[in-house]
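J.: So I've got this file, protein30.cif, and it contains mmCIF, C-alpha atoms and all ligand atoms:
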```cif
data_target
#
loop_
_atom_site.label_atom_id
_atom_site.label_comp_id
_atom_site.auth_asym_id
_atom_site.auth_seq_id
_atom_site.Cartn_x
_atom_site.Cartn_y
_atom_site.Cartn_z
CA MET A 1 277.52 96.13 107.87
CA LYS A 2 280.64 96.13 105.74
CA ILE A 3 280.48 94.53 102.30
CA LEU A 4 283.53 93.75 100.19
CA GLY A 5 283.28 93.31 96.43
CA ILE A 6 286.05 91.42 94.63
CA SER A 7 286.35 91.29 90.85
CA ALA A 8 288.61 88.75 89.15
CA SER A 9 288.51 90.31 85.68
CA CYS A 10 291.34 92.15 83.92
CA ARG A 11 288.79 94.34 82.12
CA LYS A 12 288.15 97.45 84.20
CA TRP A 13 284.44 98.28 84.11
CA GLY A 14 283.87 95.08 82.16
CA ASN A 15 280.94 92.77 82.87
CA THR A 16 282.31 91.29 86.10
CA ASP A 17 283.09 94.69 87.61
CA ILE A 18 279.60 95.86 86.63
CA LEU A 19 277.89 92.87 88.24
CA VAL A 20 279.94 93.29 91.43
CA HIS A 21 279.10 97.00 91.49
CA HIS A 22 275.39 96.22 91.22
CA ALA A 23 275.74 94.09 94.35
CA LEU A 24 277.70 96.85 96.10
CA LYS A 25 275.10 99.41 95.08
CA GLY A 26 272.40 97.20 96.60
CA ALA A 27 274.42 96.84 99.81
CA SER A 28 275.05 100.57 99.99
CA SER A 29 271.32 101.32 99.51
CA GLU A 30 270.73 99.32 102.71
CA GLY A 31 273.26 101.44 104.59
CA ALA A 32 276.31 99.19 104.29
CA GLU A 33 279.86 100.48 104.08
CA ILE A 34 281.37 99.12 100.86
CA ARG A 35 284.81 98.37 99.46
CA PHE A 36 285.89 97.16 96.02
CA LEU A 37 289.01 95.27 95.14
CA ARG A 38 290.28 94.09 91.79
CA LEU A 39 292.30 90.91 92.12
CA THR A 40 294.05 91.56 88.83
CA ASP A 41 295.40 94.91 90.08
CA LEU A 42 297.29 93.02 92.78
CA ASP A 43 300.31 90.76 92.61
CA ILE A 44 298.83 87.52 93.92
CA ARG A 45 300.90 84.49 93.24
CA GLN A 46 300.03 80.83 93.13
CA CYS A 47 300.21 78.79 96.35
CA THR A 48 303.61 77.07 96.42
CA GLY A 49 302.41 74.17 98.56
CA CYS A 50 304.97 74.96 101.28
CA PHE A 51 302.49 74.18 104.09
CA SER A 52 304.09 76.90 106.28
CA CYS A 53 300.66 78.36 107.06
CA LEU A 54 299.60 75.12 108.71
CA ALA A 55 302.92 73.91 110.09
CA LYS A 56 303.99 77.27 111.53
CA GLU A 57 300.48 78.57 112.26
CA VAL A 58 301.00 81.86 110.41
CA ASP A 59 299.30 83.77 107.58
CA CYS A 60 300.62 82.87 104.12
CA VAL A 61 304.34 83.68 103.99
CA GLN A 62 304.61 84.57 100.27
CA PRO A 63 305.88 88.14 99.76
CA ASP A 64 303.14 89.48 97.51
CA GLN A 65 299.93 91.49 97.91
CA PHE A 66 297.78 88.67 99.25
CA PRO A 67 297.78 90.29 102.75
CA GLU A 68 295.65 93.09 101.23
CA VAL A 69 292.97 90.57 100.29
CA LEU A 70 293.20 88.91 103.70
CA ALA A 71 292.89 92.26 105.49
CA ALA A 72 289.86 93.17 103.36
CA MET A 73 288.25 89.81 104.15
CA ARG A 74 288.84 90.45 107.87
CA TRP A 75 287.27 93.88 107.52
CA ALA A 76 284.15 92.59 105.73
CA ASP A 77 280.93 91.18 107.17
CA GLY A 78 279.94 89.86 103.75
CA VAL A 79 281.78 89.26 100.47
CA VAL A 80 280.82 89.41 96.78
CA LEU A 81 283.17 87.56 94.41
CA GLY A 82 282.79 87.95 90.66
CA SER A 83 284.68 86.25 87.85
CA PRO A 84 284.59 86.22 84.07
CA VAL A 85 284.23 82.81 82.43
CA TYR A 86 287.20 81.68 80.38
CA THR A 87 286.92 78.36 78.55
CA LEU A 88 284.08 77.24 80.82
CA CYS A 89 286.11 77.96 83.97
CA ALA A 90 286.58 80.83 86.42
CA ALA A 91 289.49 83.21 85.78
CA GLY A 92 292.97 82.13 86.84
CA SER A 93 293.05 84.89 89.45
CA VAL A 94 290.23 83.09 91.32
CA GLN A 95 292.09 79.81 91.10
CA LYS A 96 295.23 81.45 92.44
CA MET A 97 293.40 83.08 95.33
CA ILE A 98 291.38 80.17 96.72
CA PRO A 99 294.31 77.97 97.88
CA ARG A 100 295.90 81.00 99.54
CA PHE A 101 293.07 80.75 102.09
CA PHE A 102 294.23 77.32 103.24
CA ARG A 103 294.85 78.40 106.83
CA PRO A 104 291.72 80.57 107.28
CA ASN A 105 289.70 77.64 105.93
CA TYR A 106 291.22 75.49 108.66
CA THR A 107 290.76 78.00 111.47
CA GLY A 108 287.25 78.86 110.28
CA GLU A 109 288.10 82.54 110.59
CA PHE A 110 285.49 83.60 108.02
CA GLU A 111 282.82 81.06 108.93
CA GLY A 112 279.28 82.43 108.84
CA LYS A 113 279.98 85.58 106.80
CA PRO A 114 277.66 85.48 103.75
CA GLY A 115 279.06 85.24 100.22
CA LEU A 116 277.56 86.14 96.84
CA ALA A 117 278.97 84.41 93.74
CA LEU A 118 278.76 86.20 90.37
CA VAL A 119 280.03 85.13 86.96
CA ALA A 120 280.09 87.05 83.68
CA THR A 121 279.81 84.94 80.53
CA GLY A 122 279.74 85.61 76.83
CA GLY A 123 276.61 83.57 76.24
CA LYS A 124 273.84 81.60 77.89
CA GLY A 125 274.75 78.01 78.71
CA PHE A 126 278.52 78.60 78.49
CA ASP A 127 279.30 79.12 82.17
CA GLY A 128 280.43 75.47 82.64
CA LEU A 129 282.40 75.02 85.86
CA ALA A 130 282.80 78.73 86.64
CA ARG A 131 279.91 79.14 89.07
CA PRO A 132 280.91 76.17 91.23
CA GLN A 133 284.53 77.38 91.17
CA VAL A 134 283.58 80.83 92.45
CA SER A 135 281.21 79.37 95.05
CA LEU A 136 283.97 77.04 96.27
CA PHE A 137 285.80 80.09 97.58
CA PHE A 138 282.93 80.59 100.03
CA LEU A 139 282.15 76.92 100.66
CA PHE A 140 285.73 76.12 101.70
CA ALA A 141 285.66 79.07 104.09
CA GLY A 142 282.38 77.93 105.69
CA MET A 143 280.66 81.04 104.33
CA PRO A 144 276.98 80.59 103.41
CA VAL A 145 276.41 81.32 99.71
CA ILE A 146 273.28 83.44 99.33
CA ASP A 147 273.15 83.30 95.53
CA GLN A 148 275.17 82.26 92.46
CA ILE A 149 274.29 84.49 89.54
CA VAL A 150 275.27 84.35 85.86
CA GLY A 151 275.27 87.55 83.77
CA TYR A 152 275.61 87.40 79.98
CA GLY A 153 277.56 89.87 77.87
CA GLN A 154 280.46 89.39 75.44
CA GLY A 155 281.82 92.92 75.05
CA PRO A 156 282.74 94.91 78.17
CA GLY A 157 279.56 96.47 79.54
CA GLU A 158 277.08 94.37 77.57
CA VAL A 159 275.90 92.76 80.80
CA PHE A 160 273.87 95.95 81.37
CA TYR A 161 271.45 94.47 78.81
CA HIS A 162 271.03 91.33 80.94
CA GLU A 163 268.88 93.29 83.33
CA GLU A 164 267.64 90.25 85.22
CA ALA A 165 271.20 89.37 86.29
CA CYS A 166 272.02 92.97 87.24
CA GLN A 167 268.85 93.15 89.34
CA ALA A 168 269.61 89.79 90.97
CA ALA A 169 273.10 91.04 91.89
CA LEU A 170 271.57 94.22 93.31
CA ARG A 171 269.09 92.21 95.40
CA GLY A 172 271.90 89.91 96.58
CA GLY A 173 273.85 92.94 97.82
CA GLU A 174 270.78 94.29 99.59
CA ALA A 175 270.12 90.95 101.27
CA MET A 176 273.70 90.68 102.40
CA ALA A 177 273.62 94.17 103.91
CA ARG A 178 270.49 93.18 105.83
CA GLY A 179 272.50 90.30 107.32
CA GLU A 180 270.62 87.56 105.46
CA THR A 181 272.49 84.29 105.06
CA GLU A 182 269.83 81.98 103.59
CA PHE A 183 270.30 80.78 100.00
CA GLN A 184 267.91 82.69 97.75
CA GLY A 185 268.83 81.48 94.27
CA GLU A 186 267.55 78.65 92.09
CA PRO A 187 267.59 75.49 94.22
CA GLY A 188 269.72 72.90 92.43
CA ILE A 189 269.67 69.13 92.81
CA CYS A 190 272.06 69.15 95.79
CA PRO A 191 270.43 70.66 98.91
CA SER A 192 273.83 71.62 100.29
CA CYS A 193 275.62 73.49 97.45
CA HIS A 194 272.56 73.99 95.16
CA PHE A 195 274.47 72.82 92.09
CA ASN A 196 273.43 70.05 89.73
CA LEU A 197 276.73 68.20 89.94
CA VAL A 198 275.47 64.88 91.28
CA GLU A 199 277.15 61.91 89.65
CA THR A 200 275.90 58.35 89.44
CA ARG A 201 278.43 55.84 90.70
CA GLN A 202 278.93 52.37 89.26
CA ASP A 203 276.95 50.80 92.14
CA GLY A 204 273.95 53.01 91.22
CA GLY A 205 274.45 55.31 94.19
CA ALA A 206 274.59 59.07 93.68
CA HIS A 207 277.10 61.58 94.99
CA CYS A 208 277.43 65.36 94.90
CA VAL A 209 280.83 65.93 93.35
CA LEU A 210 281.37 69.21 95.23
CA CYS A 211 279.95 68.40 98.67
CA ASP A 212 280.85 64.70 98.68
CA LEU A 213 277.29 64.14 99.87
CA PRO A 214 276.17 60.56 99.16
CA GLY A 215 272.57 59.61 98.41
CA ARG A 216 270.37 57.91 95.86
CA TRP A 217 268.13 58.75 92.93
CA VAL A 218 264.44 58.43 93.76
CA SER A 219 261.97 58.27 90.87
CA SER A 220 258.29 59.04 90.95
CA ALA A 221 255.76 59.56 88.14
CA GLU A 222 256.58 63.30 88.10
CA ALA A 223 260.35 63.42 88.45
CA THR A 224 263.60 61.86 89.51
CA ARG A 225 265.30 63.54 92.45
CA PHE A 226 268.47 63.18 94.50
CA GLU A 227 267.82 62.05 98.07
CA PRO A 228 270.88 62.54 100.31
CA ASP A 229 271.70 59.90 102.91
CA PRO A 230 270.29 61.39 106.18
CA ASP A 231 273.24 60.03 108.19
CA GLU A 232 275.85 61.78 106.03
CA GLU A 233 276.78 65.43 105.80
CA SER A 234 278.36 67.71 103.25
CA ARG A 235 282.09 68.31 103.47
CA PHE A 236 281.13 71.98 103.79
CA SER A 237 279.01 71.48 106.95
CA PRO A 238 280.09 73.54 109.96
CA GLY A 239 283.09 71.96 111.66
CA TRP A 240 283.70 69.41 108.90
CA MET A 241 286.60 71.31 107.33
CA ARG A 242 288.38 71.72 110.66
CA GLN A 243 287.97 68.01 111.35
CA HIS A 244 289.32 67.21 107.88
CA PHE A 245 292.40 69.39 108.43
CA GLU A 246 293.07 67.82 111.83
CA ARG A 247 292.40 64.24 110.77
CA ASP A 248 293.82 64.19 107.22
CA VAL A 249 296.06 67.19 106.55
CA LEU A 250 297.96 67.88 109.80
CA THR A 251 298.62 64.18 110.35
CA SER A 252 300.01 63.97 106.81
CA LEU A 253 302.73 66.48 107.79
CA GLU A 254 304.04 64.09 110.48
CA ARG A 255 303.89 61.14 108.09
CA PHE A 256 305.77 63.09 105.43
CA ARG A 257 308.53 64.12 107.89
CA ALA A 258 309.04 60.45 108.79
CA ARG A 259 309.32 59.55 105.08
CA ALA A 260 311.36 62.56 103.89
CA LYS A 261 314.80 60.91 103.98
CA ASP A 262 313.56 57.82 102.15
CA ILE A 263 311.81 59.99 99.53
CA ARG A 264 315.03 61.98 98.91
CA GLU A 265 316.90 58.72 98.33
CA ARG A 266 314.21 57.46 95.95
CA VAL A 267 314.33 60.74 93.99
CA LYS A 268 318.12 60.44 93.74
CA ARG A 269 317.85 56.88 92.40
CA LEU A 270 315.18 57.98 89.89
CA GLN A 271 317.40 60.87 88.72
CA GLU A 272 320.35 58.50 88.34
CA SER A 273 318.22 56.12 86.27
CA GLY A 274 318.40 58.58 83.37
CA THR A 275 315.43 60.94 83.70
CA TYR A 276 315.60 64.47 82.30
CA GLN A 277 317.90 66.77 84.30
CA PRO A 278 316.96 70.49 84.14
C1 LIG B 1 289.89 83.43 76.31
C2 LIG B 1 288.42 83.62 76.52
C3 LIG B 1 287.63 82.52 76.79
C4 LIG B 1 286.27 82.67 77.01
N1 LIG B 1 285.53 81.57 77.30
C5 LIG B 1 284.22 81.71 77.52
C6 LIG B 1 283.42 80.56 77.82
O1 LIG B 1 283.90 79.45 77.92
N2 LIG B 1 282.11 80.75 78.03
C7 LIG B 1 281.53 81.98 77.93
O2 LIG B 1 280.31 82.08 78.13
N3 LIG B 1 282.25 83.09 77.65
C8 LIG B 1 283.57 82.97 77.45
N4 LIG B 1 284.32 84.09 77.19
C9 LIG B 1 283.67 85.41 77.19
C10 LIG B 1 283.75 86.13 78.53
O3 LIG B 1 283.37 85.30 79.59
C11 LIG B 1 282.84 87.33 78.52
O4 LIG B 1 283.29 88.24 77.55
C12 LIG B 1 282.73 88.00 79.84
O5 LIG B 1 281.69 88.93 79.82
C13 LIG B 1 284.01 88.69 80.26
O6 LIG B 1 283.84 89.37 81.46
P1 LIG B 1 284.61 90.74 81.77
O7 LIG B 1 284.00 91.79 80.88
O8 LIG B 1 284.36 91.00 83.20
O9 LIG B 1 286.06 90.50 81.51
C14 LIG B 1 285.69 83.95 76.97
C15 LIG B 1 286.49 85.07 76.71
C16 LIG B 1 287.84 84.90 76.50
C17 LIG B 1 288.69 86.11 76.24
#
```
How does the structure come out when it is put into structure tokens?

T.:
Amino acid sequence: MKILGISASCRKWGNTDILVHHALKGASSEGAEIRFLRLTDLDIRQCTGCFSCLAKEVDCVQPDQFPEVLAAMRWADGVVLGSPVYTLCAAGSVQKMIPRFFRPNYTGEFEGKPGLALVATGGKGFDGLARPQVSLFFLFAGMPVIDQIVGYGQGPGEVFYHEEACQAALRGGEAMARGETEFQGEPGICPSCHFNLVETRQDGGAHCVLCDLPGRWVSSAEATRFEPDPDEESRFSPGWMRQHFERDVLTSLERFRARAKDIRERVKRLQESGTYQP
């Protein structure tokens, strides 16, 4: 087994690095070969939205160090991704990386490889959207998430004192090295992504915001729970992403080409109507 750890923090040996290294230590103790990569040591630019990867069927064409991440992902049998929490969100380096996997998400190249999501926060209850954002990296790629762990610690290294999180990361790494792919964290409301991001729509129906899984709220004397519609599936179900790319994204390229000349003319008219000219 080969396990890749990715840290999205700028702070070397800060809390994210430490959590990721606990996972790698766990993987190594089960005999796995390990590798560690710091996203912030690499020049990884934002996706430019050029669509070349889909239209020309090639890896991302931007001349930066993204190919190093892609090669490491191809090498790995399982991946640990850790991020610090900034203003309730994952670090910008995570947000820059995820869209760069547009084509692999379409081809399903990494489908089935397990992923472990880790976030380092300053305080309990302040992780906000960060965990779902890190997990989305795996969900989009069709990679089963085995756990999504939060470690607390404000100063670099203070996460050592959140022993429960360090131990959970260690166990996640061990499980990954044993080839386990089942989710082993806290089950959330949504049975697909295990997050509690189910929203109530105006018609009273319920919907997982991440998975797009529709359902309803069912109340009993003990609790109220989300019951997904049995005929619907999560947008992260196997094959769904490929179908989405073929049905919605690739067809949009053809539609855009047919409209391109008209759009250019409309832009010209808008510019001539007195908008700001850079
Ligand atoms: C600009 C900034 C914003 C932050 N926002 C949050 C936040 O919203 N929630 C939180 O729990 N911690 C927040 N923190 C604290 C970091 O998440 C925390 O220090 C974390 O352990 C950093 O991980 P690192 O050591 O791997 O860099 C913030 C820190 C900075 C610098």

J.: Nearest residue to Glu158 (chain A) out of A:Arg11, A:Gly122, A:Gln133, A:Pro114, using only C-alpha atoms?

T.: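 Once distances to Glu158 (chain A) are computed over only C-alpha atoms, the minimum belongs to A:Gly122.
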
J.: Determine, counting all atoms listed in the file, which protein, DNA and RNA residues have an atom within 8 Å of an atom of region 119-121 of chain A; residues of the same chain fewer than 6 positions away are not included. Present the result as a list of chain:residue names.

T.: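 Result of the neighbour search: A:Asn15, A:Thr16, A:Leu19, A:Gly82, A:Ser83, A:Pro84, A:Val85, A:Ala90, A:Asp127, A:Ala130, A:Arg131, A:Val134, A:Gln148, A:Ile149, A:Val150, A:Gly151, A:Tyr152, A:Gly153, A:Gln154, A:Val159.
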
J.: Output C-alpha atoms of each residue in that selection to a file, as a short mmCIF file (atom, residue, chain, number, x, y, z; two decimals), keeping the file's coordinate frame.

T.:
```
data_model
loop_
_atom_site.label_atom_id
_atom_site.label_comp_id
_atom_site.auth_asym_id
_atom_site.auth_seq_id
_atom_site.Cartn_x
_atom_site.Cartn_y
_atom_site.Cartn_z
CA ASN A 15 280.94 92.77 82.87
CA THR A 16 282.31 91.29 86.10
CA LEU A 19 277.89 92.87 88.24
CA GLY A 82 282.79 87.95 90.66
CA SER A 83 284.68 86.25 87.85
CA PRO A 84 284.59 86.22 84.07
CA VAL A 85 284.23 82.81 82.43
CA ALA A 90 286.58 80.83 86.42
CA ASP A 127 279.30 79.12 82.17
CA ALA A 130 282.80 78.73 86.64
CA ARG A 131 279.91 79.14 89.07
CA VAL A 134 283.58 80.83 92.45
CA GLN A 148 275.17 82.26 92.46
CA ILE A 149 274.29 84.49 89.54
CA VAL A 150 275.27 84.35 85.86
CA GLY A 151 275.27 87.55 83.77
CA TYR A 152 275.61 87.40 79.98
CA GLY A 153 277.56 89.87 77.87
CA GLN A 154 280.46 89.39 75.44
CA VAL A 159 275.90 92.76 80.80
#
```

J.: Excluding same-chain residues fewer than 4 positions from Val218 (chain A), what lies within 12 Å of it counting all atoms listed in the file, as a list in words?

T.: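 Skipping anything fewer than 4 positions along the chain leaves Ile189, Gly204, Gly205, Ala206, Glu222, Ala223, Thr224, Arg225, Phe226, Glu227, Pro228 and Asp229 of chain A.
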
J.: Quick one: distance from CA of Glu164 (chain A) to CA of Gly179 (chain A) in Å, one decimal?

T.: 22.6 Å

J.: Rounded to one decimal place, report the CA of Val61 (chain A)-CA of Val249 (chain A) distance in Å.

T.: 18.6 Å

J.: Would you mind telling me which residue in A:Cys50, A:Arg45, A:Val145, A:Arg74 lies nearest to Lys96 (chain A) when using only C-alpha atoms?

T.: A:Arg45

J.: Excluding same-chain residues fewer than 3 positions from Asp59 (chain A), what lies within 9 Å of it counting all atoms listed in the file, as JSON, numbers by chain?

T.: {"A": [52, 53, 54, 56, 67, 70, 101, 103, 104]}

J.: Any chance you can output those residues with C-alpha atoms as a PDB file, in the frame of the given file?

T.:
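Final file, out.pdb:
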```
ATOM      1  CA  SER A  52     304.090  76.900 106.280  1.00  0.00           C
ATOM      2  CA  CYS A  53     300.660  78.360 107.060  1.00  0.00           C
ATOM      3  CA  LEU A  54     299.600  75.120 108.710  1.00  0.00           C
ATOM      4  CA  LYS A  56     303.990  77.270 111.530  1.00  0.00           C
ATOM      5  CA  PRO A  67     297.780  90.290 102.750  1.00  0.00           C
ATOM      6  CA  LEU A  70     293.200  88.910 103.700  1.00  0.00           C
ATOM      7  CA  PHE A 101     293.070  80.750 102.090  1.00  0.00           C
ATOM      8  CA  ARG A 103     294.850  78.400 106.830  1.00  0.00           C
ATOM      9  CA  PRO A 104     291.720  80.570 107.280  1.00  0.00           C
TER      10      PRO A 104
END
```

J.: For ligand LIG 1 (chain B), which residue among A:Tyr86, A:Ala72, A:Ala8, A:Asp77 is the nearest when counting all atoms listed in the file?

T.: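 Of all the options, A:Tyr86 lies closest to ligand LIG 1 (chain B).
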